[in-house]
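A.B. asks: Attaching a single structure in structure tokens format; questions to follow.
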Amino acid sequence: MIKKIIHGFLESELIKIESKNIKEASYKLGEAMKEENKLLLEKYLKGMDNGQKERVIQFAIIKLDQLKEWSENDIFLIGNENRLKKYLDGFEGYCRGSELSEEEGAFLQIEVKPECQTVFVQKENGEIGFIHSEEEGNNAFDENHYGYKWVEMNLPNKEVSFFAYPGLCSWGPAFGINETSGTVQTVDDLYIGDNFDSGALWATAM
């Protein structure tokens, strides 16, 4: 059971979402992060000539098509739910909400590289406390525009809170709290970061 959550975000940096399904919720998240996503896309593409842009976008399309092909495989079926199809539903909604093409959204999923750390401490009474912090200042853009947000999302059978990173379409590869199950999710991609050519974030999202 999660007893208490304290965050340091301003009211203007909070995103509260209530939705009936993951695609609709992701659309609302993308809509709320639209400005940050556009800025990040411009930042990554800045300085590339047309040929370079075409190559990186084409690579993203290939990897997205690969995920769509994999989603037809039962390997991602847990219970009665195909988790990869669910992720792709969220990805589609997020892109539409952000007014990004799927190609641009796929490019961002590959390129975004947030960095963070979480410290866990178990108290004498058995309770576990934790502190999570972000260290990737580059995604803040400038001192007057902080890119990260704190999201509180209510779905019919799940209530989650998580960090929203510019460009990142879900909480799968991010830090988050599942308040329904009482669990805290942190992700470590050190073992796959250099070995998964579609980007570490897509690997952890699956």
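Residue names in the structure tokens use chain letters A, B, ... in the order shown, residue numbers from 1 in each chain, and ligand numbers from 1 in the order shown.
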Residues of stretch 35-127 of chain A within 7 Å of stretch 11-26 of chain A: nearest atom pair and distance (Å, one decimal) for each, counting only C-alpha atoms, sorted by chain and number, as JSON lines?
C.D. replies:
```
{"residue": "A:Asp89", "atom": "CA", "partner": "A:Lys23", "partner_atom": "CA", "distance": 5.3}
{"residue": "A:Gly90", "atom": "CA", "partner": "A:Lys23", "partner_atom": "CA", "distance": 4.6}
{"residue": "A:Gly93", "atom": "CA", "partner": "A:Lys23", "partner_atom": "CA", "distance": 4.9}
{"residue": "A:Tyr94", "atom": "CA", "partner": "A:Ser26", "partner_atom": "CA", "distance": 4.7}
```
A.B. asks: Write out, as a tab-separated table, each residue of stretch 28-55 of chain A that has an atom at most 12 Å from stretch 103-117 of chain A, together with the closest pair of atoms and their distance in Å to one decimal, counting only C-alpha atoms, rows going by chain and rising number.
C.D. replies:
```
residue	atom	partner	partner_atom	distance
A:Gly30	CA	A:Gly105	CA	10.3
A:Lys34	CA	A:Gly105	CA	11.3
A:Glu36	CA	A:Leu108	CA	11.7
A:Asn37	CA	A:Leu108	CA	8.4
A:Lys38	CA	A:Glu104	CA	9.8
A:Leu39	CA	A:Leu108	CA	11.3
A:Leu40	CA	A:Leu108	CA	8.2
A:Leu41	CA	A:Leu108	CA	6.9
A:Glu42	CA	A:Glu104	CA	10.5
A:Lys43	CA	A:Leu108	CA	10.8
A:Tyr44	CA	A:Glu111	CA	8.0
A:Leu45	CA	A:Phe107	CA	10.0
A:Lys53	CA	A:Phe107	CA	10.2
A:Glu54	CA	A:Glu103	CA	10.5
A:Arg55	CA	A:Phe107	CA	10.7
```
A.B. asks: Selected residues, all heavy atoms, written as a short mmCIF file (atom, residue, chain, number, x, y, z; two decimals), in the first residue's frame, please.
C.D. replies:
```cif
data_model
loop_
_atom_site.label_atom_id
_atom_site.label_comp_id
_atom_site.auth_asym_id
_atom_site.auth_seq_id
_atom_site.Cartn_x
_atom_site.Cartn_y
_atom_site.Cartn_z
N GLY A 30 -0.73 13.26 -24.74
CA GLY A 30 -0.04 13.88 -25.88
C GLY A 30 -0.46 15.32 -26.09
O GLY A 30 0.36 16.19 -26.38
N LYS A 34 2.06 18.54 -25.94
CA LYS A 34 2.27 18.91 -27.34
C LYS A 34 3.39 19.94 -27.52
O LYS A 34 4.26 19.79 -28.38
CB LYS A 34 0.96 19.43 -27.93
CG LYS A 34 1.04 19.86 -29.38
CD LYS A 34 -0.34 20.05 -29.98
CE LYS A 34 -1.18 21.04 -29.19
NZ LYS A 34 -2.52 21.23 -29.80
N GLU A 36 5.94 20.71 -25.54
CA GLU A 36 7.25 20.14 -25.22
C GLU A 36 7.72 19.19 -26.32
O GLU A 36 8.90 19.16 -26.67
CB GLU A 36 7.19 19.39 -23.88
CG GLU A 36 7.17 20.28 -22.66
CD GLU A 36 5.81 20.91 -22.40
OE1 GLU A 36 4.82 20.50 -23.06
OE2 GLU A 36 5.73 21.81 -21.55
N ASN A 37 6.79 18.41 -26.86
CA ASN A 37 7.15 17.44 -27.90
C ASN A 37 7.61 18.13 -29.18
O ASN A 37 8.57 17.70 -29.82
CB ASN A 37 5.96 16.53 -28.20
CG ASN A 37 5.61 15.65 -27.02
OD1 ASN A 37 6.42 15.43 -26.13
ND2 ASN A 37 4.39 15.13 -27.01
N LYS A 38 6.94 19.21 -29.55
CA LYS A 38 7.32 19.95 -30.75
C LYS A 38 8.72 20.56 -30.58
O LYS A 38 9.54 20.54 -31.49
CB LYS A 38 6.30 21.05 -31.04
CG LYS A 38 4.92 20.54 -31.44
CD LYS A 38 4.90 19.96 -32.84
CE LYS A 38 3.49 19.63 -33.28
NZ LYS A 38 3.45 19.03 -34.64
N LEU A 39 8.97 21.12 -29.39
CA LEU A 39 10.28 21.71 -29.11
C LEU A 39 11.38 20.66 -29.18
O LEU A 39 12.46 20.91 -29.72
CB LEU A 39 10.27 22.38 -27.73
CG LEU A 39 9.53 23.71 -27.60
CD1 LEU A 39 9.45 24.12 -26.14
CD2 LEU A 39 10.22 24.79 -28.41
N LEU A 40 11.10 19.48 -28.62
CA LEU A 40 12.10 18.43 -28.60
C LEU A 40 12.37 17.91 -30.01
O LEU A 40 13.53 17.66 -30.37
CB LEU A 40 11.65 17.28 -27.70
CG LEU A 40 12.71 16.22 -27.41
CD1 LEU A 40 13.90 16.83 -26.68
CD2 LEU A 40 12.12 15.08 -26.58
N LEU A 41 11.32 17.76 -30.81
CA LEU A 41 11.50 17.30 -32.18
C LEU A 41 12.36 18.29 -32.97
O LEU A 41 13.28 17.90 -33.69
CB LEU A 41 10.14 17.14 -32.86
CG LEU A 41 10.15 16.60 -34.29
CD1 LEU A 41 10.71 15.19 -34.33
CD2 LEU A 41 8.75 16.63 -34.89
N GLU A 42 12.09 19.57 -32.80
CA GLU A 42 12.89 20.60 -33.47
C GLU A 42 14.35 20.53 -33.02
O GLU A 42 15.27 20.68 -33.82
CB GLU A 42 12.32 21.99 -33.17
CG GLU A 42 10.99 22.28 -33.84
CD GLU A 42 10.40 23.61 -33.41
OE1 GLU A 42 11.11 24.38 -32.71
OE2 GLU A 42 9.24 23.89 -33.75
N LYS A 43 14.54 20.30 -31.73
CA LYS A 43 15.90 20.23 -31.18
C LYS A 43 16.68 19.08 -31.80
O LYS A 43 17.85 19.23 -32.18
CB LYS A 43 15.81 20.06 -29.66
CG LYS A 43 17.15 19.81 -28.98
CD LYS A 43 16.94 19.52 -27.50
CE LYS A 43 18.24 19.05 -26.85
NZ LYS A 43 18.04 18.69 -25.44
N TYR A 44 16.06 17.91 -31.91
CA TYR A 44 16.75 16.74 -32.45
C TYR A 44 17.03 16.86 -33.94
O TYR A 44 18.04 16.37 -34.44
CB TYR A 44 15.94 15.47 -32.18
CG TYR A 44 16.06 14.94 -30.77
CD1 TYR A 44 14.95 14.41 -30.12
CD2 TYR A 44 17.27 14.95 -30.09
CE1 TYR A 44 15.05 13.91 -28.83
CE2 TYR A 44 17.37 14.47 -28.80
CZ TYR A 44 16.27 13.95 -28.18
OH TYR A 44 16.36 13.46 -26.90
N LEU A 45 16.12 17.50 -34.68
CA LEU A 45 16.28 17.60 -36.13
C LEU A 45 17.11 18.80 -36.55
O LEU A 45 17.53 18.89 -37.71
CB LEU A 45 14.90 17.67 -36.80
CG LEU A 45 14.03 16.41 -36.68
CD1 LEU A 45 12.68 16.65 -37.33
CD2 LEU A 45 14.71 15.19 -37.29
N LYS A 53 17.64 13.82 -42.31
CA LYS A 53 16.29 13.72 -41.75
C LYS A 53 15.54 12.54 -42.34
O LYS A 53 14.87 11.79 -41.63
CB LYS A 53 15.52 15.02 -42.01
CG LYS A 53 16.01 16.21 -41.21
CD LYS A 53 15.21 17.47 -41.55
CE LYS A 53 15.75 18.67 -40.81
NZ LYS A 53 15.02 19.92 -41.17
N GLU A 54 15.66 12.39 -43.64
CA GLU A 54 14.96 11.28 -44.32
C GLU A 54 15.45 9.94 -43.80
O GLU A 54 14.66 9.01 -43.58
CB GLU A 54 15.17 11.39 -45.82
CG GLU A 54 14.39 10.35 -46.62
CD GLU A 54 14.54 10.52 -48.12
OE1 GLU A 54 15.04 11.58 -48.56
OE2 GLU A 54 14.16 9.59 -48.85
N ARG A 55 16.76 9.82 -43.56
CA ARG A 55 17.33 8.55 -43.10
C ARG A 55 16.86 8.20 -41.69
O ARG A 55 16.49 7.06 -41.42
CB ARG A 55 18.86 8.60 -43.16
CG ARG A 55 19.43 8.46 -44.57
CD ARG A 55 20.92 8.21 -44.55
NE ARG A 55 21.67 9.36 -44.02
CZ ARG A 55 22.06 10.39 -44.76
NH1 ARG A 55 21.76 10.44 -46.05
NH2 ARG A 55 22.75 11.38 -44.23
#
```
A.B. asks: Please, which residues of stretch 97-136 of chain A, numbered as in this document, come out alpha helix (DSSP H) from DSSP, as a list of chain:residue names?
C.D. replies: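 Those in stretch 97-136 of chain A that DSSP calls alpha helix (DSSP H) are A:Gly97, A:Ser98, A:Glu102, A:Glu103, A:Glu104, A:Gly105, A:Ala106, A:Phe107, A:Leu108, A:Gln109, A:Ile110, A:Glu111.
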A.B. asks: So that I have them on file, write out the residues from the current selection with all heavy atoms, as a PDB file, in the first residue's frame.
C.D. replies:
```
ATOM      1  N   GLY A  97      -2.724  13.185 -30.223  1.00  0.00           N
ATOM      2  CA  GLY A  97      -2.880  14.283 -29.273  1.00  0.00           C
ATOM      3  C   GLY A  97      -1.788  15.325 -29.397  1.00  0.00           C
ATOM      4  O   GLY A  97      -2.019  16.522 -29.203  1.00  0.00           O
ATOM      5  N   SER A  98      -0.582  14.879 -29.741  1.00  0.00           N
ATOM      6  CA  SER A  98       0.561  15.784 -29.891  1.00  0.00           C
ATOM      7  C   SER A  98       0.633  16.427 -31.266  1.00  0.00           C
ATOM      8  O   SER A  98       1.517  17.254 -31.514  1.00  0.00           O
ATOM      9  CB  SER A  98       1.876  15.022 -29.649  1.00  0.00           C
ATOM     10  OG  SER A  98       1.969  14.579 -28.323  1.00  0.00           O
ATOM     11  N   GLU A 102       3.011   9.486 -37.016  1.00  0.00           N
ATOM     12  CA  GLU A 102       3.556   8.298 -36.359  1.00  0.00           C
ATOM     13  C   GLU A 102       5.060   8.202 -36.590  1.00  0.00           C
ATOM     14  O   GLU A 102       5.793   7.721 -35.727  1.00  0.00           O
ATOM     15  CB  GLU A 102       2.858   7.035 -36.864  1.00  0.00           C
ATOM     16  CG  GLU A 102       1.474   6.821 -36.276  1.00  0.00           C
ATOM     17  CD  GLU A 102       0.999   5.392 -36.413  1.00  0.00           C
ATOM     18  OE1 GLU A 102       1.585   4.631 -37.217  1.00  0.00           O
ATOM     19  OE2 GLU A 102       0.048   5.019 -35.701  1.00  0.00           O
ATOM     20  N   GLU A 103       5.518   8.668 -37.751  1.00  0.00           N
ATOM     21  CA  GLU A 103       6.949   8.640 -38.045  1.00  0.00           C
ATOM     22  C   GLU A 103       7.717   9.545 -37.079  1.00  0.00           C
ATOM     23  O   GLU A 103       8.765   9.172 -36.553  1.00  0.00           O
ATOM     24  CB  GLU A 103       7.204   9.089 -39.490  1.00  0.00           C
ATOM     25  CG  GLU A 103       6.708   8.120 -40.549  1.00  0.00           C
ATOM     26  CD  GLU A 103       5.222   8.285 -40.854  1.00  0.00           C
ATOM     27  OE1 GLU A 103       4.567   9.139 -40.216  1.00  0.00           O
ATOM     28  OE2 GLU A 103       4.714   7.561 -41.730  1.00  0.00           O
ATOM     29  N   GLU A 104       7.185  10.746 -36.841  1.00  0.00           N
ATOM     30  CA  GLU A 104       7.831  11.671 -35.906  1.00  0.00           C
ATOM     31  C   GLU A 104       7.781  11.117 -34.486  1.00  0.00           C
ATOM     32  O   GLU A 104       8.756  11.206 -33.732  1.00  0.00           O
ATOM     33  CB  GLU A 104       7.138  13.036 -35.963  1.00  0.00           C
ATOM     34  CG  GLU A 104       7.359  13.776 -37.269  1.00  0.00           C
ATOM     35  CD  GLU A 104       6.488  15.008 -37.398  1.00  0.00           C
ATOM     36  OE1 GLU A 104       5.372  15.022 -36.819  1.00  0.00           O
ATOM     37  OE2 GLU A 104       6.913  15.966 -38.078  1.00  0.00           O
ATOM     38  N   GLY A 105       6.634  10.530 -34.120  1.00  0.00           N
ATOM     39  CA  GLY A 105       6.510   9.938 -32.795  1.00  0.00           C
ATOM     40  C   GLY A 105       7.480   8.790 -32.600  1.00  0.00           C
ATOM     41  O   GLY A 105       8.103   8.655 -31.541  1.00  0.00           O
ATOM     42  N   ALA A 106       7.626   7.952 -33.629  1.00  0.00           N
ATOM     43  CA  ALA A 106       8.557   6.828 -33.551  1.00  0.00           C
ATOM     44  C   ALA A 106       9.993   7.326 -33.410  1.00  0.00           C
ATOM     45  O   ALA A 106      10.782   6.784 -32.629  1.00  0.00           O
ATOM     46  CB  ALA A 106       8.423   5.956 -34.800  1.00  0.00           C
ATOM     47  N   PHE A 107      10.335   8.364 -34.154  1.00  0.00           N
ATOM     48  CA  PHE A 107      11.673   8.952 -34.062  1.00  0.00           C
ATOM     49  C   PHE A 107      11.959   9.413 -32.633  1.00  0.00           C
ATOM     50  O   PHE A 107      13.033   9.151 -32.080  1.00  0.00           O
ATOM     51  CB  PHE A 107      11.781  10.126 -35.037  1.00  0.00           C
ATOM     52  CG  PHE A 107      13.022  10.955 -34.864  1.00  0.00           C
ATOM     53  CD1 PHE A 107      14.263  10.468 -35.244  1.00  0.00           C
ATOM     54  CD2 PHE A 107      12.946  12.228 -34.316  1.00  0.00           C
ATOM     55  CE1 PHE A 107      15.410  11.237 -35.080  1.00  0.00           C
ATOM     56  CE2 PHE A 107      14.085  13.003 -34.153  1.00  0.00           C
ATOM     57  CZ  PHE A 107      15.320  12.502 -34.533  1.00  0.00           C
ATOM     58  N   LEU A 108      10.978  10.062 -32.004  1.00  0.00           N
ATOM     59  CA  LEU A 108      11.181  10.542 -30.635  1.00  0.00           C
ATOM     60  C   LEU A 108      11.332   9.386 -29.653  1.00  0.00           C
ATOM     61  O   LEU A 108      12.148   9.454 -28.727  1.00  0.00           O
ATOM     62  CB  LEU A 108      10.018  11.441 -30.213  1.00  0.00           C
ATOM     63  CG  LEU A 108       9.992  12.836 -30.835  1.00  0.00           C
ATOM     64  CD1 LEU A 108       8.746  13.598 -30.397  1.00  0.00           C
ATOM     65  CD2 LEU A 108      11.246  13.627 -30.456  1.00  0.00           C
ATOM     66  N   GLN A 109      10.562   8.295 -29.839  1.00  0.00           N
ATOM     67  CA  GLN A 109      10.685   7.162 -28.916  1.00  0.00           C
ATOM     68  C   GLN A 109      12.090   6.575 -28.952  1.00  0.00           C
ATOM     69  O   GLN A 109      12.603   6.085 -27.943  1.00  0.00           O
ATOM     70  CB  GLN A 109       9.672   6.062 -29.254  1.00  0.00           C
ATOM     71  CG  GLN A 109       8.216   6.481 -29.251  1.00  0.00           C
ATOM     72  CD  GLN A 109       7.844   7.362 -28.081  1.00  0.00           C
ATOM     73  OE1 GLN A 109       7.911   6.932 -26.926  1.00  0.00           O
ATOM     74  NE2 GLN A 109       7.462   8.592 -28.360  1.00  0.00           N
ATOM     75  N   ILE A 110      12.713   6.620 -30.118  1.00  0.00           N
ATOM     76  CA  ILE A 110      14.066   6.081 -30.263  1.00  0.00           C
ATOM     77  C   ILE A 110      15.107   7.031 -29.684  1.00  0.00           C
ATOM     78  O   ILE A 110      16.075   6.614 -29.053  1.00  0.00           O
ATOM     79  CB  ILE A 110      14.372   5.798 -31.752  1.00  0.00           C
ATOM     80  CG1 ILE A 110      13.480   4.659 -32.259  1.00  0.00           C
ATOM     81  CG2 ILE A 110      15.838   5.452 -31.957  1.00  0.00           C
ATOM     82  CD1 ILE A 110      13.574   4.426 -33.753  1.00  0.00           C
ATOM     83  N   GLU A 111      14.889   8.335 -29.858  1.00  0.00           N
ATOM     84  CA  GLU A 111      15.919   9.316 -29.527  1.00  0.00           C
ATOM     85  C   GLU A 111      15.897   9.795 -28.078  1.00  0.00           C
ATOM     86  O   GLU A 111      16.934  10.175 -27.535  1.00  0.00           O
ATOM     87  CB  GLU A 111      15.786  10.535 -30.455  1.00  0.00           C
ATOM     88  CG  GLU A 111      16.123  10.246 -31.901  1.00  0.00           C
ATOM     89  CD  GLU A 111      17.565   9.782 -32.074  1.00  0.00           C
ATOM     90  OE1 GLU A 111      18.462  10.351 -31.427  1.00  0.00           O
ATOM     91  OE2 GLU A 111      17.782   8.825 -32.841  1.00  0.00           O
TER      92      GLU A 111
END
```
A.B. asks: Find the residues near A:Ile5: any atom within 12 Å, counting only C-alpha atoms, skip ones fewer than 5 places away on the same chain, and give them as a PDB file with N, CA, C and O atoms, in the first residue's frame.
C.D. replies:
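The resulting file, out-v1.pdb, is shown below:
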```pdb
ATOM      1  N   GLY A 129      10.740   3.449   1.970  1.00  0.00           N
ATOM      2  CA  GLY A 129      10.622   4.804   1.453  1.00  0.00           C
ATOM      3  C   GLY A 129      11.531   4.972   0.248  1.00  0.00           C
ATOM      4  O   GLY A 129      12.489   4.213   0.069  1.00  0.00           O
ATOM      5  N   PHE A 130      11.232   5.931  -0.603  1.00  0.00           N
ATOM      6  CA  PHE A 130      12.074   6.138  -1.775  1.00  0.00           C
ATOM      7  C   PHE A 130      12.112   7.615  -2.152  1.00  0.00           C
ATOM      8  O   PHE A 130      11.201   8.385  -1.844  1.00  0.00           O
ATOM      9  N   ILE A 131      13.195   7.990  -2.803  1.00  0.00           N
ATOM     10  CA  ILE A 131      13.359   9.329  -3.362  1.00  0.00           C
ATOM     11  C   ILE A 131      13.758   9.165  -4.821  1.00  0.00           C
ATOM     12  O   ILE A 131      14.683   8.412  -5.137  1.00  0.00           O
ATOM     13  N   HIS A 132      13.054   9.856  -5.711  1.00  0.00           N
ATOM     14  CA  HIS A 132      13.369   9.784  -7.136  1.00  0.00           C
ATOM     15  C   HIS A 132      13.723  11.179  -7.630  1.00  0.00           C
ATOM     16  O   HIS A 132      13.055  12.156  -7.304  1.00  0.00           O
ATOM     17  N   TRP A 150       4.275  15.983 -13.981  1.00  0.00           N
ATOM     18  CA  TRP A 150       3.816  14.887 -13.129  1.00  0.00           C
ATOM     19  C   TRP A 150       2.378  14.574 -13.528  1.00  0.00           C
ATOM     20  O   TRP A 150       1.533  15.458 -13.591  1.00  0.00           O
ATOM     21  N   GLU A 152      -1.177  12.315 -13.156  1.00  0.00           N
ATOM     22  CA  GLU A 152      -2.064  11.462 -12.368  1.00  0.00           C
ATOM     23  C   GLU A 152      -3.151  10.977 -13.321  1.00  0.00           C
ATOM     24  O   GLU A 152      -3.957  11.764 -13.804  1.00  0.00           O
ATOM     25  N   VAL A 160      -2.680   5.427 -11.810  1.00  0.00           N
ATOM     26  CA  VAL A 160      -1.223   5.517 -11.846  1.00  0.00           C
ATOM     27  C   VAL A 160      -0.777   6.973 -11.791  1.00  0.00           C
ATOM     28  O   VAL A 160      -1.501   7.880 -12.216  1.00  0.00           O
ATOM     29  N   SER A 161       0.421   7.179 -11.260  1.00  0.00           N
ATOM     30  CA  SER A 161       1.077   8.486 -11.267  1.00  0.00           C
ATOM     31  C   SER A 161       2.475   8.271 -11.821  1.00  0.00           C
ATOM     32  O   SER A 161       3.126   7.273 -11.494  1.00  0.00           O
ATOM     33  N   PHE A 162       2.964   9.207 -12.643  1.00  0.00           N
ATOM     34  CA  PHE A 162       4.264   8.981 -13.266  1.00  0.00           C
ATOM     35  C   PHE A 162       4.846  10.275 -13.820  1.00  0.00           C
ATOM     36  O   PHE A 162       4.137  11.263 -14.009  1.00  0.00           O
ATOM     37  N   GLY A 176       7.259   5.452 -12.281  1.00  0.00           N
ATOM     38  CA  GLY A 176       5.837   5.604 -12.007  1.00  0.00           C
ATOM     39  C   GLY A 176       5.388   4.849 -10.768  1.00  0.00           C
ATOM     40  O   GLY A 176       6.112   4.018 -10.218  1.00  0.00           O
ATOM     41  N   ILE A 177       4.174   5.153 -10.347  1.00  0.00           N
ATOM     42  CA  ILE A 177       3.573   4.521  -9.175  1.00  0.00           C
ATOM     43  C   ILE A 177       2.202   3.988  -9.572  1.00  0.00           C
ATOM     44  O   ILE A 177       1.360   4.735 -10.079  1.00  0.00           O
ATOM     45  N   ASN A 178       1.994   2.696  -9.378  1.00  0.00           N
ATOM     46  CA  ASN A 178       0.686   2.092  -9.602  1.00  0.00           C
ATOM     47  C   ASN A 178      -0.033   2.086  -8.259  1.00  0.00           C
ATOM     48  O   ASN A 178       0.247   1.257  -7.393  1.00  0.00           O
ATOM     49  N   GLU A 179      -0.942   3.027  -8.087  1.00  0.00           N
ATOM     50  CA  GLU A 179      -1.604   3.170  -6.798  1.00  0.00           C
ATOM     51  C   GLU A 179      -2.684   2.111  -6.590  1.00  0.00           C
ATOM     52  O   GLU A 179      -3.127   1.886  -5.465  1.00  0.00           O
ATOM     53  N   GLY A 182      -0.382  -0.818  -5.549  1.00  0.00           N
ATOM     54  CA  GLY A 182       0.533  -0.438  -4.476  1.00  0.00           C
ATOM     55  C   GLY A 182       1.982  -0.721  -4.803  1.00  0.00           C
ATOM     56  O   GLY A 182       2.768  -1.086  -3.927  1.00  0.00           O
ATOM     57  N   VAL A 184       5.710   0.437  -6.971  1.00  0.00           N
ATOM     58  CA  VAL A 184       6.511   1.515  -7.547  1.00  0.00           C
ATOM     59  C   VAL A 184       7.326   0.926  -8.688  1.00  0.00           C
ATOM     60  O   VAL A 184       7.931  -0.140  -8.545  1.00  0.00           O
TER      61      VAL A 184
END
```
A.B. asks: Quote the spacing between atom CA of A:Glu69 and atom CA of A:Ser101 in Å to one decimal place.
C.D. replies: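 Rounded to one decimal, the two atoms are 19.0 Å apart.
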A.B. asks: So how far away is atom CA of A:Ser170 from atom CA of A:Val151, in Å?
C.D. replies: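 Interatomic distance, atom CA of A:Val151 to atom CA of A:Ser170: 10.5 Å.
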A.B. asks: Report as a PyMOL selection string all protein, DNA and RNA residues lying within 9 Å of A:Thr180, evaluated on only C-alpha atoms, omitting residues in the same chain fewer than 5 positions from it.
C.D. replies: chain A and resi 1+157-160
A.B. asks: Can you tell me, as a VMD selection string, what residues are no more than 7 Å from A:Tyr148 when counting only C-alpha atoms, ignoring any on the same chain fewer than 6 positions away?
C.D. replies: chain A and resid 140 163 to 166
A.B. asks: For those residues, write C-alpha atoms to a file as a PDB file, in the first residue's frame.
C.D. replies:
```pdb
ATOM      1  CA  ALA A 140      14.311  21.189 -19.435  1.00  0.00           C
ATOM      2  CA  PHE A 163       6.824  11.342 -14.765  1.00  0.00           C
ATOM      3  CA  ALA A 164       5.948  12.613 -18.237  1.00  0.00           C
ATOM      4  CA  TYR A 165       9.062  13.179 -20.298  1.00  0.00           C
ATOM      5  CA  PRO A 166       8.966  15.296 -23.470  1.00  0.00           C
TER       6      PRO A 166
END
```
A.B. asks: Contacts of A:Glu72 at 9 Å or less, counting only C-alpha atoms, minus same-chain residues fewer than 4 places along, as a CSV table (one decimal) with all heavy atoms, in the first residue's frame?
C.D. replies:
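Contents of part.csv, freshly written:
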```csv
chain,number,residue,atom,x,y,z
A,68,LYS,N,4.8,-3.4,-34.9
A,68,LYS,CA,3.4,-3.7,-35.3
A,68,LYS,C,3.4,-5.2,-35.8
A,68,LYS,O,2.4,-5.9,-35.5
A,68,LYS,CB,3.0,-2.8,-36.5
A,68,LYS,CG,2.7,-1.4,-36.0
A,68,LYS,CD,2.3,-0.5,-37.2
A,68,LYS,CE,2.0,0.9,-36.7
A,68,LYS,NZ,1.6,1.8,-37.9
A,76,PHE,N,3.4,-11.6,-26.7
A,76,PHE,CA,3.1,-10.5,-25.8
A,76,PHE,C,1.7,-10.6,-25.2
A,76,PHE,O,1.2,-9.6,-24.6
A,76,PHE,CB,3.1,-9.2,-26.7
A,76,PHE,CG,4.5,-8.9,-27.2
A,76,PHE,CD1,4.9,-9.2,-28.4
A,76,PHE,CD2,5.4,-8.3,-26.3
A,76,PHE,CE1,6.2,-8.9,-28.9
A,76,PHE,CE2,6.7,-8.0,-26.7
A,76,PHE,CZ,7.1,-8.3,-28.0
A,82,ASN,N,-3.1,-8.4,-25.1
A,82,ASN,CA,-1.8,-8.3,-25.8
A,82,ASN,C,-1.2,-7.0,-25.4
A,82,ASN,O,-1.6,-5.9,-25.8
A,82,ASN,CB,-2.1,-8.3,-27.3
A,82,ASN,CG,-0.8,-8.3,-28.1
A,82,ASN,OD1,0.1,-7.6,-27.9
A,82,ASN,ND2,-0.8,-9.2,-29.1
A,84,LEU,N,1.7,-5.5,-26.2
A,84,LEU,CA,2.3,-4.7,-27.2
A,84,LEU,C,1.3,-4.0,-28.0
A,84,LEU,O,1.4,-2.8,-28.3
A,84,LEU,CB,3.2,-5.6,-28.1
A,84,LEU,CG,4.0,-4.8,-29.2
A,84,LEU,CD1,4.7,-3.6,-28.6
A,84,LEU,CD2,4.9,-5.7,-30.0
A,85,LYS,N,0.1,-4.6,-28.3
A,85,LYS,CA,-0.9,-3.9,-29.0
A,85,LYS,C,-1.5,-2.8,-28.1
A,85,LYS,O,-1.8,-1.7,-28.6
A,85,LYS,CB,-2.1,-4.9,-29.3
A,85,LYS,CG,-1.8,-5.8,-30.5
A,85,LYS,CD,-3.0,-6.6,-31.0
A,85,LYS,CE,-2.8,-7.3,-32.3
A,85,LYS,NZ,-4.0,-8.1,-32.7
```
